[in-house]
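Undergrad: Got entry_11.cif for you, mmCIF, C-alpha atoms:
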```cif
data_protein
#
loop_
_atom_site.group_PDB
_atom_site.id
_atom_site.type_symbol
_atom_site.label_atom_id
_atom_site.label_comp_id
_atom_site.auth_asym_id
_atom_site.auth_seq_id
_atom_site.Cartn_x
_atom_site.Cartn_y
_atom_site.Cartn_z
ATOM 1 C CA MET A 1 0.000 0.000 0.000
ATOM 2 C CA ASN A 2 2.767 2.393 0.889
ATOM 3 C CA ASN A 3 4.696 1.486 -2.276
ATOM 4 C CA SER A 4 1.688 2.276 -4.499
ATOM 5 C CA THR A 5 1.212 5.605 -2.752
ATOM 6 C CA GLU A 6 4.872 6.523 -3.289
ATOM 7 C CA ILE A 7 4.683 5.507 -6.967
ATOM 8 C CA GLY A 8 1.547 7.625 -7.424
ATOM 9 C CA ALA A 9 3.246 10.581 -5.784
ATOM 10 C CA PHE A 10 6.290 10.160 -8.008
ATOM 11 C CA LEU A 11 4.157 10.075 -11.174
ATOM 12 C CA GLU A 12 2.269 13.200 -10.121
ATOM 13 C CA CYS A 13 5.572 14.951 -9.501
ATOM 14 C CA THR A 14 6.981 14.060 -12.885
ATOM 15 C CA ASN A 15 3.841 15.522 -14.465
ATOM 16 C CA ASP A 16 4.382 18.851 -12.657
ATOM 17 C CA ALA A 17 1.191 18.383 -10.679
ATOM 18 C CA ILE A 18 -0.065 21.413 -8.763
ATOM 19 C CA PRO A 19 -1.589 20.633 -5.345
ATOM 20 C CA SER A 20 -4.864 21.989 -4.044
ATOM 21 C CA PHE A 21 -5.004 24.521 -1.193
ATOM 22 C CA TYR A 22 -5.754 21.784 1.358
ATOM 23 C CA GLU A 23 -2.952 19.531 0.070
ATOM 24 C CA TYR A 24 -0.521 22.449 0.103
ATOM 25 C CA ILE A 25 -1.375 23.447 3.679
ATOM 26 C CA SER A 26 -1.348 19.878 4.990
ATOM 27 C CA GLY A 27 2.006 19.102 3.353
ATOM 28 C CA MET A 28 3.696 22.397 4.223
ATOM 29 C CA THR A 29 7.220 22.218 5.622
ATOM 30 C CA PRO A 30 8.934 24.816 7.860
ATOM 31 C CA PHE A 31 10.849 26.025 4.799
ATOM 32 C CA LEU A 32 7.624 26.640 2.857
ATOM 33 C CA MET A 33 6.076 28.276 5.917
ATOM 34 C CA GLY A 34 8.991 30.694 5.943
ATOM 35 C CA LEU A 35 8.574 31.443 2.244
ATOM 36 C CA THR A 36 4.834 31.986 2.630
ATOM 37 C CA ALA A 37 5.389 34.280 5.620
ATOM 38 C CA THR A 38 7.968 36.221 3.593
ATOM 39 C CA GLY A 39 5.416 36.647 0.808
ATOM 40 C CA GLY A 40 2.855 37.887 3.325
ATOM 41 C CA VAL A 41 5.293 40.440 4.746
ATOM 42 C CA LEU A 42 6.160 41.736 1.260
ATOM 43 C CA PHE A 43 2.471 42.006 0.351
ATOM 44 C CA LEU A 44 1.741 43.967 3.541
ATOM 45 C CA ALA A 45 4.738 46.192 2.774
ATOM 46 C CA THR A 46 3.266 47.220 -0.600
ATOM 47 C CA LEU A 47 -0.083 47.982 1.047
ATOM 48 C CA THR A 48 1.613 50.006 3.782
ATOM 49 C CA ILE A 49 3.614 52.049 1.266
ATOM 50 C CA TYR A 50 0.499 52.873 -0.720
ATOM 51 C CA TYR A 51 -1.725 53.817 2.224
ATOM 52 C CA ARG A 52 1.012 55.867 3.880
ATOM 53 C CA ASN A 53 1.295 57.959 0.715
ATOM 54 C CA LEU A 54 -2.419 58.035 -0.099
ATOM 55 C CA LYS A 55 -3.112 61.207 1.919
ATOM 56 C CA LYS A 56 -0.087 62.918 0.401
ATOM 57 C CA LEU A 57 -1.243 62.093 -3.118
ATOM 58 C CA VAL A 58 -4.788 63.306 -2.406
ATOM 59 C CA ARG A 59 -3.518 66.511 -0.834
ATOM 60 C CA ARG A 60 -0.824 67.256 -3.413
ATOM 61 C CA THR A 61 -2.176 66.045 -6.779
ATOM 62 C CA PRO A 62 -4.477 68.340 -8.815
ATOM 63 C CA LYS A 63 -8.057 66.998 -8.964
ATOM 64 C CA SER A 64 -8.003 66.564 -12.740
ATOM 65 C CA PHE A 65 -5.131 64.053 -12.406
ATOM 66 C CA LEU A 66 -6.034 62.467 -9.062
ATOM 67 C CA ALA A 67 -8.109 59.419 -10.073
ATOM 68 C CA ARG A 68 -5.676 58.160 -12.692
ATOM 69 C CA THR A 69 -2.682 58.884 -10.445
ATOM 70 C CA LEU A 70 -4.172 56.807 -7.619
ATOM 71 C CA LEU A 71 -4.907 53.963 -10.033
ATOM 72 C CA LEU A 72 -1.412 53.938 -11.539
ATOM 73 C CA CYS A 73 0.170 54.005 -8.091
ATOM 74 C CA GLY A 74 -2.164 51.225 -6.943
ATOM 75 C CA ILE A 75 -1.396 48.688 -9.682
ATOM 76 C CA TYR A 76 1.531 47.334 -7.666
ATOM 77 C CA GLN A 77 -0.733 46.458 -4.747
ATOM 78 C CA ILE A 78 -3.138 44.587 -7.049
ATOM 79 C CA VAL A 79 -0.290 42.623 -8.646
ATOM 80 C CA SER A 80 1.120 41.892 -5.173
ATOM 81 C CA ALA A 81 -2.268 40.612 -4.001
ATOM 82 C CA ALA A 82 -2.499 38.322 -7.043
ATOM 83 C CA ALA A 83 1.033 37.020 -6.432
ATOM 84 C CA PHE A 84 0.371 36.307 -2.755
ATOM 85 C CA VAL A 85 -2.930 34.526 -3.468
ATOM 86 C CA SER A 86 -1.187 32.321 -6.048
ATOM 87 C CA ILE A 87 1.283 31.303 -3.299
ATOM 88 C CA LEU A 88 -1.542 30.352 -0.931
ATOM 89 C CA VAL A 89 -3.708 28.713 -3.623
ATOM 90 C CA PRO A 90 -1.316 27.164 -6.176
ATOM 91 C CA ARG A 91 -4.071 26.086 -8.565
ATOM 92 C CA ALA A 92 -5.261 29.690 -8.850
ATOM 93 C CA ILE A 93 -2.031 30.761 -10.565
ATOM 94 C CA LEU A 94 -3.665 31.252 -13.997
ATOM 95 C CA LEU A 95 -6.540 33.241 -12.518
ATOM 96 C CA CYS A 96 -4.150 35.410 -10.492
ATOM 97 C CA ASP A 97 -1.939 35.938 -13.537
ATOM 98 C CA THR A 98 -5.031 36.985 -15.502
ATOM 99 C CA VAL A 99 -6.016 39.513 -12.820
ATOM 100 C CA ALA A 100 -2.512 41.023 -12.800
ATOM 101 C CA HIS A 101 -2.283 41.058 -16.602
ATOM 102 C CA LEU A 102 -5.708 42.641 -17.170
ATOM 103 C CA THR A 103 -5.007 45.235 -14.471
ATOM 104 C CA PHE A 104 -1.834 46.170 -16.340
ATOM 105 C CA SER A 105 -3.708 46.296 -19.661
ATOM 106 C CA PHE A 106 -6.331 48.645 -18.192
ATOM 107 C CA CYS A 107 -3.635 50.883 -16.697
ATOM 108 C CA THR A 108 -1.849 51.295 -20.050
ATOM 109 C CA TYR A 109 -4.812 53.212 -21.453
ATOM 110 C CA GLN A 110 -5.138 55.234 -18.248
ATOM 111 C CA LEU A 111 -1.464 56.187 -18.563
ATOM 112 C CA ILE A 112 -1.831 57.749 -22.020
ATOM 113 C CA CYS A 113 -5.015 59.507 -20.891
ATOM 114 C CA LEU A 114 -3.080 60.965 -17.952
ATOM 115 C CA PHE A 115 -0.289 62.157 -20.248
ATOM 116 C CA ILE A 116 -2.847 63.872 -22.496
ATOM 117 C CA ASP A 117 -4.427 65.471 -19.413
ATOM 118 C CA TYR A 118 -0.988 66.778 -18.403
ATOM 119 C CA ALA A 119 -0.813 68.560 -21.759
ATOM 120 C CA GLY A 120 -4.234 70.131 -21.301
ATOM 121 C CA GLY A 121 -5.840 67.970 -23.971
ATOM 122 C CA GLU A 122 -4.992 66.872 -27.501
ATOM 123 C CA THR A 123 -5.701 70.256 -29.107
ATOM 124 C CA ASN A 124 -3.478 72.119 -26.680
ATOM 125 C CA PHE A 125 -0.577 69.716 -27.206
ATOM 126 C CA ILE A 126 -0.903 69.911 -31.014
ATOM 127 C CA LYS A 127 -0.465 73.699 -30.763
ATOM 128 C CA GLN A 128 2.638 73.358 -28.572
ATOM 129 C CA ALA A 129 4.335 70.404 -30.296
ATOM 130 C CA ASN A 130 7.277 70.608 -32.665
ATOM 131 C CA THR A 131 6.728 69.975 -36.365
ATOM 132 C CA ASP A 132 8.578 66.628 -36.203
ATOM 133 C CA ALA A 133 7.383 65.425 -32.773
ATOM 134 C CA PHE A 134 5.338 62.510 -34.131
ATOM 135 C CA SER A 135 7.197 59.519 -35.503
ATOM 136 C CA LEU A 136 6.176 55.932 -36.206
ATOM 137 C CA ARG A 137 9.832 54.900 -36.325
ATOM 138 C CA THR A 138 9.874 53.774 -32.714
ATOM 139 C CA PRO A 139 10.498 50.307 -31.245
ATOM 140 C CA PRO A 140 9.351 47.596 -31.504
ATOM 141 C CA CYS A 141 7.924 48.257 -35.000
ATOM 142 C CA CYS A 142 10.479 50.817 -36.193
ATOM 143 C CA CYS A 143 11.686 48.575 -39.022
ATOM 144 C CA CYS A 144 8.176 48.398 -40.500
ATOM 145 C CA CYS A 145 7.956 52.192 -40.813
ATOM 146 C CA CYS A 146 11.547 53.104 -41.666
ATOM 147 C CA CYS A 147 10.436 54.947 -44.824
ATOM 148 C CA LEU A 148 8.015 57.257 -42.995
ATOM 149 C CA HIS A 149 9.341 60.646 -41.924
ATOM 150 C CA PRO A 150 8.471 62.355 -38.630
ATOM 151 C CA GLY A 151 5.616 64.836 -38.775
ATOM 152 C CA ARG A 152 3.469 67.187 -36.755
ATOM 153 C CA PRO A 153 0.995 65.615 -34.306
ATOM 154 C CA SER A 154 -2.683 65.828 -35.218
ATOM 155 C CA LYS A 155 -6.022 64.469 -34.092
ATOM 156 C CA SER A 156 -5.494 61.407 -36.291
ATOM 157 C CA THR A 157 -2.175 60.850 -34.518
ATOM 158 C CA PHE A 158 -3.891 60.563 -31.158
ATOM 159 C CA LEU A 159 -6.615 58.380 -32.678
ATOM 160 C CA LEU A 160 -3.939 55.967 -33.907
ATOM 161 C CA ILE A 161 -2.214 55.908 -30.507
ATOM 162 C CA ARG A 162 -5.482 55.377 -28.663
ATOM 163 C CA THR A 163 -6.367 52.512 -31.010
ATOM 164 C CA LEU A 164 -2.986 50.813 -30.532
ATOM 165 C CA VAL A 165 -3.295 51.042 -26.756
ATOM 166 C CA LEU A 166 -7.034 50.422 -26.381
ATOM 167 C CA GLN A 167 -6.890 47.163 -28.349
ATOM 168 C CA PHE A 168 -4.670 45.747 -25.611
ATOM 169 C CA PRO A 169 -7.199 45.444 -22.754
ATOM 170 C CA ILE A 170 -9.906 44.301 -25.185
ATOM 171 C CA VAL A 171 -7.859 41.636 -26.988
ATOM 172 C CA GLN A 172 -6.065 40.429 -23.859
ATOM 173 C CA GLY A 173 -9.326 40.318 -21.922
ATOM 174 C CA VAL A 174 -10.993 38.081 -24.517
ATOM 175 C CA LEU A 175 -7.935 35.820 -24.829
ATOM 176 C CA PHE A 176 -7.226 35.382 -21.119
ATOM 177 C CA ILE A 177 -10.838 34.913 -20.078
ATOM 178 C CA SER A 178 -11.277 32.197 -22.720
ATOM 179 C CA LEU A 179 -8.016 30.583 -21.547
ATOM 180 C CA ASN A 180 -9.323 30.494 -17.983
ATOM 181 C CA VAL A 181 -12.530 28.834 -19.178
ATOM 182 C CA LEU A 182 -10.486 26.224 -21.049
ATOM 183 C CA PHE A 183 -8.271 25.606 -18.002
ATOM 184 C CA VAL A 184 -11.272 25.053 -15.733
ATOM 185 C CA GLU A 185 -12.950 22.794 -18.288
ATOM 186 C CA ASN A 186 -9.905 20.734 -19.268
ATOM 187 C CA ASP A 187 -6.366 21.619 -18.207
ATOM 188 C CA ARG A 188 -4.834 19.263 -20.786
ATOM 189 C CA LEU A 189 -6.784 20.946 -23.585
ATOM 190 C CA TYR A 190 -5.587 24.301 -22.222
ATOM 191 C CA SER A 191 -1.947 23.188 -22.521
ATOM 192 C CA LYS A 192 -2.468 22.182 -26.145
ATOM 193 C CA VAL A 193 -4.470 25.259 -27.191
ATOM 194 C CA PHE A 194 -2.264 27.835 -25.452
ATOM 195 C CA LEU A 195 0.381 27.666 -28.199
ATOM 196 C CA TYR A 196 -2.227 28.806 -30.729
ATOM 197 C CA TYR A 197 -3.144 31.764 -28.500
ATOM 198 C CA LEU A 198 0.471 32.832 -28.071
ATOM 199 C CA PRO A 199 0.907 34.666 -31.439
ATOM 200 C CA PHE A 200 -2.185 36.797 -30.756
ATOM 201 C CA ILE A 201 -1.010 37.597 -27.212
ATOM 202 C CA ILE A 202 2.477 38.594 -28.380
ATOM 203 C CA THR A 203 1.174 40.668 -31.319
ATOM 204 C CA SER A 204 -1.184 42.580 -29.042
ATOM 205 C CA ILE A 205 1.650 43.246 -26.565
ATOM 206 C CA LEU A 206 3.955 44.517 -29.334
ATOM 207 C CA LEU A 207 1.256 46.875 -30.617
ATOM 208 C CA VAL A 208 0.570 48.391 -27.199
ATOM 209 C CA ILE A 209 4.293 48.868 -26.530
ATOM 210 C CA TRP A 210 4.579 50.554 -29.927
ATOM 211 C CA GLY A 211 1.713 52.919 -29.126
ATOM 212 C CA LEU A 212 3.132 53.768 -25.699
ATOM 213 C CA ASN A 213 6.601 54.392 -27.132
ATOM 214 C CA ILE A 214 5.147 56.718 -29.773
ATOM 215 C CA ILE A 215 3.286 58.908 -27.290
ATOM 216 C CA VAL A 216 6.123 58.973 -24.736
ATOM 217 C CA ARG A 217 8.721 60.008 -27.335
ATOM 218 C CA MET A 218 6.296 62.581 -28.711
ATOM 219 C CA MET A 219 5.322 64.213 -25.409
ATOM 220 C CA ALA A 220 8.264 63.702 -23.012
ATOM 221 C CA PRO A 221 10.500 66.468 -24.466
ATOM 222 C CA ASN A 222 7.751 69.055 -23.859
ATOM 223 C CA TYR A 223 7.274 68.172 -20.191
ATOM 224 C CA PRO A 224 10.612 67.113 -18.674
ATOM 225 C CA GLN A 225 9.511 68.149 -15.170
ATOM 226 C CA LEU A 226 6.659 65.617 -15.256
ATOM 227 C CA ARG A 227 9.013 62.642 -15.844
ATOM 228 C CA LEU A 228 6.794 60.947 -18.399
ATOM 229 C CA ARG A 229 9.418 58.443 -19.513
ATOM 230 C CA PRO A 230 10.186 57.091 -15.999
ATOM 231 C CA LYS A 231 6.440 56.827 -15.319
ATOM 232 C CA TYR A 232 6.086 54.761 -18.475
ATOM 233 C CA PHE A 233 8.992 52.502 -17.475
ATOM 234 C CA ALA A 234 7.555 52.040 -13.969
ATOM 235 C CA LEU A 235 4.400 50.637 -15.561
ATOM 236 C CA GLN A 236 6.145 48.638 -18.280
ATOM 237 C CA PHE A 237 8.294 46.841 -15.691
ATOM 238 C CA VAL A 238 5.108 45.224 -14.373
ATOM 239 C CA LEU A 239 4.602 43.464 -17.707
ATOM 240 C CA MET A 240 8.246 42.435 -17.923
ATOM 241 C CA MET A 241 8.330 41.018 -14.397
ATOM 242 C CA THR A 242 5.048 39.117 -14.538
ATOM 243 C CA LYS A 243 5.620 37.622 -18.011
ATOM 244 C CA ILE A 244 9.381 37.084 -18.370
ATOM 245 C CA GLN A 245 10.125 35.761 -14.878
ATOM 246 C CA PRO A 246 7.813 32.721 -15.025
ATOM 247 C CA GLY A 247 9.762 31.629 -18.127
ATOM 248 C CA ILE A 248 13.023 32.064 -16.231
ATOM 249 C CA GLY A 249 11.476 30.071 -13.395
ATOM 250 C CA ASN A 250 10.786 27.182 -15.764
ATOM 251 C CA VAL A 251 14.457 27.177 -16.790
ATOM 252 C CA ILE A 252 15.539 27.151 -13.132
ATOM 253 C CA VAL A 253 13.235 24.250 -12.299
ATOM 254 C CA ALA A 254 14.528 22.299 -15.294
ATOM 255 C CA ASN A 255 18.132 22.647 -14.081
ATOM 256 C CA ILE A 256 17.704 22.292 -10.312
ATOM 257 C CA ASP A 257 16.848 19.013 -8.634
ATOM 258 C CA PHE A 258 14.025 20.078 -6.315
ATOM 259 C CA PRO A 259 12.662 17.507 -3.847
ATOM 260 C CA CYS A 260 9.674 15.795 -5.402
ATOM 261 C CA TRP A 261 7.153 14.336 -2.975
ATOM 262 C CA TYR A 262 3.563 15.215 -3.700
ATOM 263 C CA PRO A 263 2.145 17.712 -2.844
ATOM 264 C CA LEU A 264 5.564 19.432 -2.790
ATOM 265 C CA THR A 265 6.275 19.287 -6.513
ATOM 266 C CA PRO A 266 8.875 21.202 -8.578
ATOM 267 C CA ALA A 267 6.013 23.208 -10.123
ATOM 268 C CA LEU A 268 4.994 24.351 -6.636
ATOM 269 C CA TYR A 269 8.541 25.424 -5.728
ATOM 270 C CA LYS A 270 8.875 27.291 -9.016
ATOM 271 C CA ASN A 271 5.619 29.150 -8.468
ATOM 272 C CA ILE A 272 6.502 30.200 -4.906
ATOM 273 C CA ILE A 273 9.992 31.413 -5.849
ATOM 274 C CA VAL A 274 8.728 33.393 -8.857
ATOM 275 C CA GLN A 275 5.903 34.999 -6.879
ATOM 276 C CA ILE A 276 8.210 36.044 -4.033
ATOM 277 C CA VAL A 277 10.573 37.653 -6.549
ATOM 278 C CA ILE A 278 7.575 39.495 -8.063
ATOM 279 C CA LEU A 279 6.437 40.619 -4.600
ATOM 280 C CA THR A 280 9.917 41.977 -3.852
ATOM 281 C CA GLN A 281 9.953 43.892 -7.113
ATOM 282 C CA MET A 282 6.476 45.304 -6.480
ATOM 283 C CA VAL A 283 7.716 46.760 -3.196
ATOM 284 C CA ILE A 284 10.560 48.502 -5.048
ATOM 285 C CA LEU A 285 8.286 49.744 -7.841
ATOM 286 C CA SER A 286 5.725 50.955 -5.320
ATOM 287 C CA VAL A 287 8.343 53.124 -3.597
ATOM 288 C CA TRP A 288 9.577 54.423 -6.966
ATOM 289 C CA SER A 289 6.077 55.286 -8.187
ATOM 290 C CA GLN A 290 5.354 57.328 -5.068
ATOM 291 C CA LYS A 291 8.394 59.480 -5.877
ATOM 292 C CA LEU A 292 7.563 59.752 -9.581
ATOM 293 C CA TYR A 293 4.005 60.973 -9.019
ATOM 294 C CA ARG A 294 5.023 63.795 -6.724
ATOM 295 C CA ALA A 295 4.866 65.864 -9.903
ATOM 296 C CA PRO A 296 2.735 67.552 -10.964
ATOM 297 C CA SER A 297 1.613 69.055 -7.652
ATOM 298 C CA LYS A 298 -0.913 71.777 -6.946
ATOM 299 C CA ASN A 299 1.918 74.163 -6.074
ATOM 300 C CA THR A 300 3.789 73.633 -9.351
ATOM 301 C CA MET A 301 0.548 74.033 -11.315
ATOM 302 C CA LYS A 302 -0.077 77.395 -9.634
ATOM 303 C CA LEU A 303 3.468 78.568 -10.427
ATOM 304 C CA ASN A 304 3.030 77.557 -14.066
ATOM 305 C CA GLU A 305 -0.240 79.473 -14.301
ATOM 306 C CA LEU A 306 1.371 82.606 -12.827
ATOM 307 C CA SER A 307 4.323 82.399 -15.229
#
```
Would you put the structure from the file into structure tokens?
TA:
Amino acid sequence: MNNSTEIGAFLECTNDAIPSFYEYISGMTPFLMGLTATGGVLFLATLTIYYRNLKKLVRRTPKSFLARTLLLCGIYQIVSAAAFVSILVPRAILLCDTVAHLTFSFCTYQLICLFIDYAGGETNFIKQANTDAFSLRTPPCCCCCCCLHPGRPSKSTFLLIRTLVLQFPIVQGVLFISLNVLFVENDRLYSKVFLYYLPFIITSILLVIWGLNIIVRMMAPNYPQLRLRPKYFALQFVLMMTKIQPGIGNVIVANIDFPCWYPLTPALYKNIIVQIVILTQMVILSVWSQKLYRAPSKNTMKLNELS
């Protein structure tokens, strides 16, 4: 009886089985308890950073920018919550990844709207912009538009940028929600179908990065005091950390001989390590974002109006 149980556990391990919440809690070792506690501390740290600076942001940020500023500063807490839940409930990793990814996709559009608000609207920026401020020759699609020369921004320019960015939450929402349905229905079918989804996911990501790069390169030189480029990078790092690091985690698991006794499988160790790294990075990004969004303030806006 014991031999059959051990063989079953070994087979589940070799198939990268992910334990349920009950199995994970019942099989938890002191080492995993320490990792889980570390994740909890990091998650609470991101919440503390945000709520400590919430009053400052409300008091300092002009009302026209306040809602989007609070949302863009709060994305790190949402991603941290998703990462911590995926540690506690290993089988919820796809759902938590979807929550983090769709939150990022929604924030990308809010970011360009905030940049346009900084400029006082599209019309006001078009009047102030240089004649060659708009250029399609920006990464990652610069090679496709190498023959097009820079030009003056116009209403159609902003329509193009909005389209490139707005497609992201729509396309990613449809793709990831359908993937979650497939995973719940049949996880093996999900593994097979995911490869067919991948080109659409990557294409949508490239298009949104292209749109964001266009607007940042177009507007940043006009407003250096607002630090548009660092604000863009602070948001883009969320995508890089939540999408690239799981792939790195797979490479680590493939090359490290983790102990394999169900429910403590290599897939579980990989997930916990990756999520703790993400939680650590969210703490750093949360601190950075609080400093970035100190501008514009009500005081600087008043000085600009007087000048």
Undergrad: Could you tell me how far atom CA of A:Gln110 sits from atom CA of A:Leu72, in Å to one decimal place?
TA: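 Those two atoms sit 7.8 Å apart.
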Undergrad: Excluding A:Ile248 and any residue of its chain fewer than 6 positions from it, enumerate the residues within 12 Å of it, using all atoms listed in the file, and give them as a list in words.
TA: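 In the requested format, the answer is Met240, Met241, Thr242, Ala254, Asn255, Lys270, Asn271, Ile273, Val274 and Val277 of chain A.
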Undergrad: Please indicate the distance in Å from atom CA of A:Asn222 to atom CA of A:Thr138, rounded to one decimal place.
TA: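 So the two atoms, atom CA of A:Asn222 and atom CA of A:Thr138, lie 17.8 Å apart.
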Undergrad: Counting only C-alpha atoms, which residue out of A:Val216, A:Leu164, A:Leu32, A:Val41 sits closest to A:Thr280?
TA: A:Val41
Undergrad: Using all atoms listed in the file, which protein or nucleic acid residues come within 9 Å of A:Leu102? Drop anything in the same chain fewer than 5 positions from it, and give the result as a list in words.
TA: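 Surrounding residues, per the criterion: Asp97, Cys107, Pro169, Gln172, Gly173 and Phe176 of chain A.
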Undergrad: Between A:Ser86, A:Ser204, A:Ser64, A:Asn53, which is the closest to A:Leu268 once you count all atoms listed in the file?
TA: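 Checking each of A:Ser86, A:Ser204, A:Ser64, A:Asn53 against A:Leu268, counting all atoms listed in the file, the winner is A:Ser86.
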Undergrad: Could you state which residues are captured by the PyMOL selection byres ((chain A and resi 96) around 8) in this file, as number ranges by chain?
TA: A: 82-83, 85-86, 92-95, 97-100
Undergrad: Generate the output file for the selected residues, C-alpha atoms, as a CSV table (one decimal), in the frame of the given file.
TA:
```csv
chain,number,residue,atom,x,y,z
A,82,ALA,CA,-2.5,38.3,-7.0
A,83,ALA,CA,1.0,37.0,-6.4
A,85,VAL,CA,-2.9,34.5,-3.5
A,86,SER,CA,-1.2,32.3,-6.0
A,92,ALA,CA,-5.3,29.7,-8.8
A,93,ILE,CA,-2.0,30.8,-10.6
A,94,LEU,CA,-3.7,31.3,-14.0
A,95,LEU,CA,-6.5,33.2,-12.5
A,97,ASP,CA,-1.9,35.9,-13.5
A,98,THR,CA,-5.0,37.0,-15.5
A,99,VAL,CA,-6.0,39.5,-12.8
A,100,ALA,CA,-2.5,41.0,-12.8
```
Undergrad: Report the distance between atom CA of A:Leu195 and atom CA of A:Leu179 in Å, rounded to one decimal place.
TA: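 Going from atom CA of A:Leu195 over to atom CA of A:Leu179, I get 11.1 Å.
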Undergrad: Can you pull out the residues contacting A:Tyr118? Cut-off 12 Å, using all atoms listed in the file, and skip same-chain residues under 3 positions away; I want them as an NGL selection string.
TA: :A and (61-66 or 68-69 or 111-115 or 121-122 or 124-125 or 219-220 or 222-228 or 295-297 or 301)
